[in-house]
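Let me begin by presenting the structure, written as structure tokens, before commenting on it.
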Amino acid sequence: SDSTVRSVKIPSDDMKGRIIGREGRNIRAIEKATGADILVDDTPGVISVSCFDRVRQAIAAESLQKLVADGRVHPSRVEEIVAQTKRDIEERIKQAGQDAIVEANLRGVHPKVAEAMGKLTFRTSYGQNVLRHSIEVAFLSQMIADQLGLDGQIARRCGFLHDIGKAMYHDMEGDHPAIGMEFAK
């Protein structure tokens, strides 16, 4: 449940009503714009955002936080805030991918690969951030390859990219190694 549900704090039950909107129009607009489910129940001070895609979940949660802080909640404002939040998160994803590539000391990585790796900042596996894991595997792979007399730079690149399929496997059918291989081709 940690990976599929995220809570957003709200100041009052009045705000819950404003998020829902007349006949549910605001909440439907948020769900349509983000692709996430917005769960409003009797829990005081909290609205839950549910989505298997962690990027869409982050967009929905951050959009809700901005709407709550702004106080103006109506379908056109929802679309505006969600679009702005998408742009912000896409920029953070690209920057995270580029930062990881620099940290892993890799050269000549395609921008689409960098962006896919950046999406892994929103993924966890066995309690560890997948992008951090990929950076660690890159260096461990290089150390092992160097000790075996193999090409450490290639091993570091392979270690870094070994989980790239996890960035997209909610969008495609198959397991992450096969999806990652197909993406790399």
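By convention in this document, the chains of the structure tokens carry letters A, B, ... by their order, each chain's residues are numbered from 1, and ligands are numbered from 1 in the order they are shown.
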
Practice task
Write out as an NGL selection string which residues come within 10 Å of Arg107 (chain A) when counting only C-alpha atoms, dropping same-chain ones fewer than 3 positions away.
Solution key: :A and (101-102 or 104 or 110 or 153 or 157)

Practice task
Using DSSP on the backbone coordinates, identify the residues of region 112-145 of chain A assigned to alpha helix (DSSP H); present them as a list in words.
Solution key: Lys112, Val113, Ala114, Glu115, Ala116, Met117, Gly118, Lys119, Val130, Leu131, Arg132, His133, Ser134, Ile135, Glu136, Val137, Ala138, Phe139, Leu140, Ser141, Gln142, Met143, Ile144 and Ala145 of chain A

Exercise for the section: Mind giving me the straight-line distance from CA of Gly118 (chain A) to CA of Ala96 (chain A) in Å, one decimal? Expected result: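 So the two atoms, CA of Gly118 (chain A) and CA of Ala96 (chain A), lie 4.8 Å apart.
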
Exercise for the section: Return the single residue from A:Arg54, A:Glu103, A:Gly127, A:Leu120 that is closest to Arg156 (chain A), with distances computed using only C-alpha atoms. Expected result: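 Comparing A:Arg54, A:Glu103, A:Gly127, A:Leu120 against Arg156 (chain A), the winner is A:Glu103.
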
Quick one: which region 80-173 of chain A residues come within 9 Å of region 31-50 of chain A, and what is the nearest atom pair for each with the distance in Å to one decimal, counting only C-alpha atoms, rows ordered by chain and ascending number, as a tab-separated table?
```
residue	atom	partner	partner_atom	distance
A:Val82	CA	A:Ala33	CA	6.8
A:Ala83	CA	A:Ala33	CA	8.3
A:Lys86	CA	A:Thr34	CA	8.9
```

Exercise for the section: Could you find all residues in region 5-73 of chain A that DSSP calls strand (DSSP E) from the backbone, and write them as a list in words? Expected result: Val5, Arg6, Ser7, Val8, Lys9, Asp37, Ile38, Leu39, Val46, Ile47, Ser48, Val49 and Ser50 of chain A

Each residue of region 52-169 of chain A with at least one atom at most 7 Å from region 8-23 of chain A should appear once, together with its nearest atom pair and the corresponding distance in Å (one decimal); atoms considered: only C-alpha atoms; ordering: chain, then increasing residue number; output as a tab-separated table.
```
residue	atom	partner	partner_atom	distance
A:Ala61	CA	A:Val8	CA	6.4
A:Gln65	CA	A:Val8	CA	6.7
A:Val68	CA	A:Ile10	CA	6.7
A:Val73	CA	A:Arg18	CA	6.4
```

Go ahead and save the residues from that selection, with all heavy atoms, as a compact mmCIF listing (two decimals), in the first residue's frame.
```txt
# COMPACT_ATOMS: atom_id res chain seq x y z
N ALA A 61 -0.88 14.09 -6.32
CA ALA A 61 -0.70 14.53 -4.93
C ALA A 61 -0.20 15.97 -4.87
O ALA A 61 -0.71 16.79 -4.08
CB ALA A 61 0.25 13.59 -4.20
N GLN A 65 -2.11 19.31 -3.39
CA GLN A 65 -1.50 20.19 -2.40
C GLN A 65 -1.55 21.65 -2.86
O GLN A 65 -1.85 22.55 -2.07
CB GLN A 65 -0.06 19.77 -2.12
CG GLN A 65 0.05 18.48 -1.35
CD GLN A 65 1.47 17.91 -1.33
OE1 GLN A 65 2.32 18.27 -2.14
NE2 GLN A 65 1.71 16.99 -0.41
N VAL A 68 -5.17 22.92 -2.68
CA VAL A 68 -5.56 23.17 -1.29
C VAL A 68 -4.93 24.47 -0.80
O VAL A 68 -5.59 25.30 -0.17
CB VAL A 68 -5.17 21.98 -0.38
CG1 VAL A 68 -5.27 22.34 1.09
CG2 VAL A 68 -6.05 20.77 -0.70
N VAL A 73 -10.72 25.96 -6.29
CA VAL A 73 -10.86 24.62 -6.85
C VAL A 73 -12.07 24.59 -7.78
O VAL A 73 -13.20 24.69 -7.33
CB VAL A 73 -11.04 23.56 -5.72
CG1 VAL A 73 -11.05 22.16 -6.32
CG2 VAL A 73 -9.97 23.68 -4.66
```

Handout entry: Selection near Gln142 (chain A), 9 Å with only C-alpha atoms, sequence-local residues under 4 positions removed, as a list in words
Key = Val137, Ala138, Asp146, Gln147, Leu150, Asp151, Gly152, Gln153, Ile154, Ala155, Arg156, Arg157 and Gly159 of chain A

Problem - Close residues, Arg77 (chain A) itself excluded, 10 Å, only C-alpha atoms, min 6 positions apart in chain, as a ChimeraX atom specification - result: /A:26,29-30,67,70,83

Handout entry: Length of the CA of Asp99 (chain A) to CA of Glu182 (chain A) vector [Å]
Key =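 If I compute the distance from CA of Asp99 (chain A) to CA of Glu182 (chain A), I get 24.1 Å.
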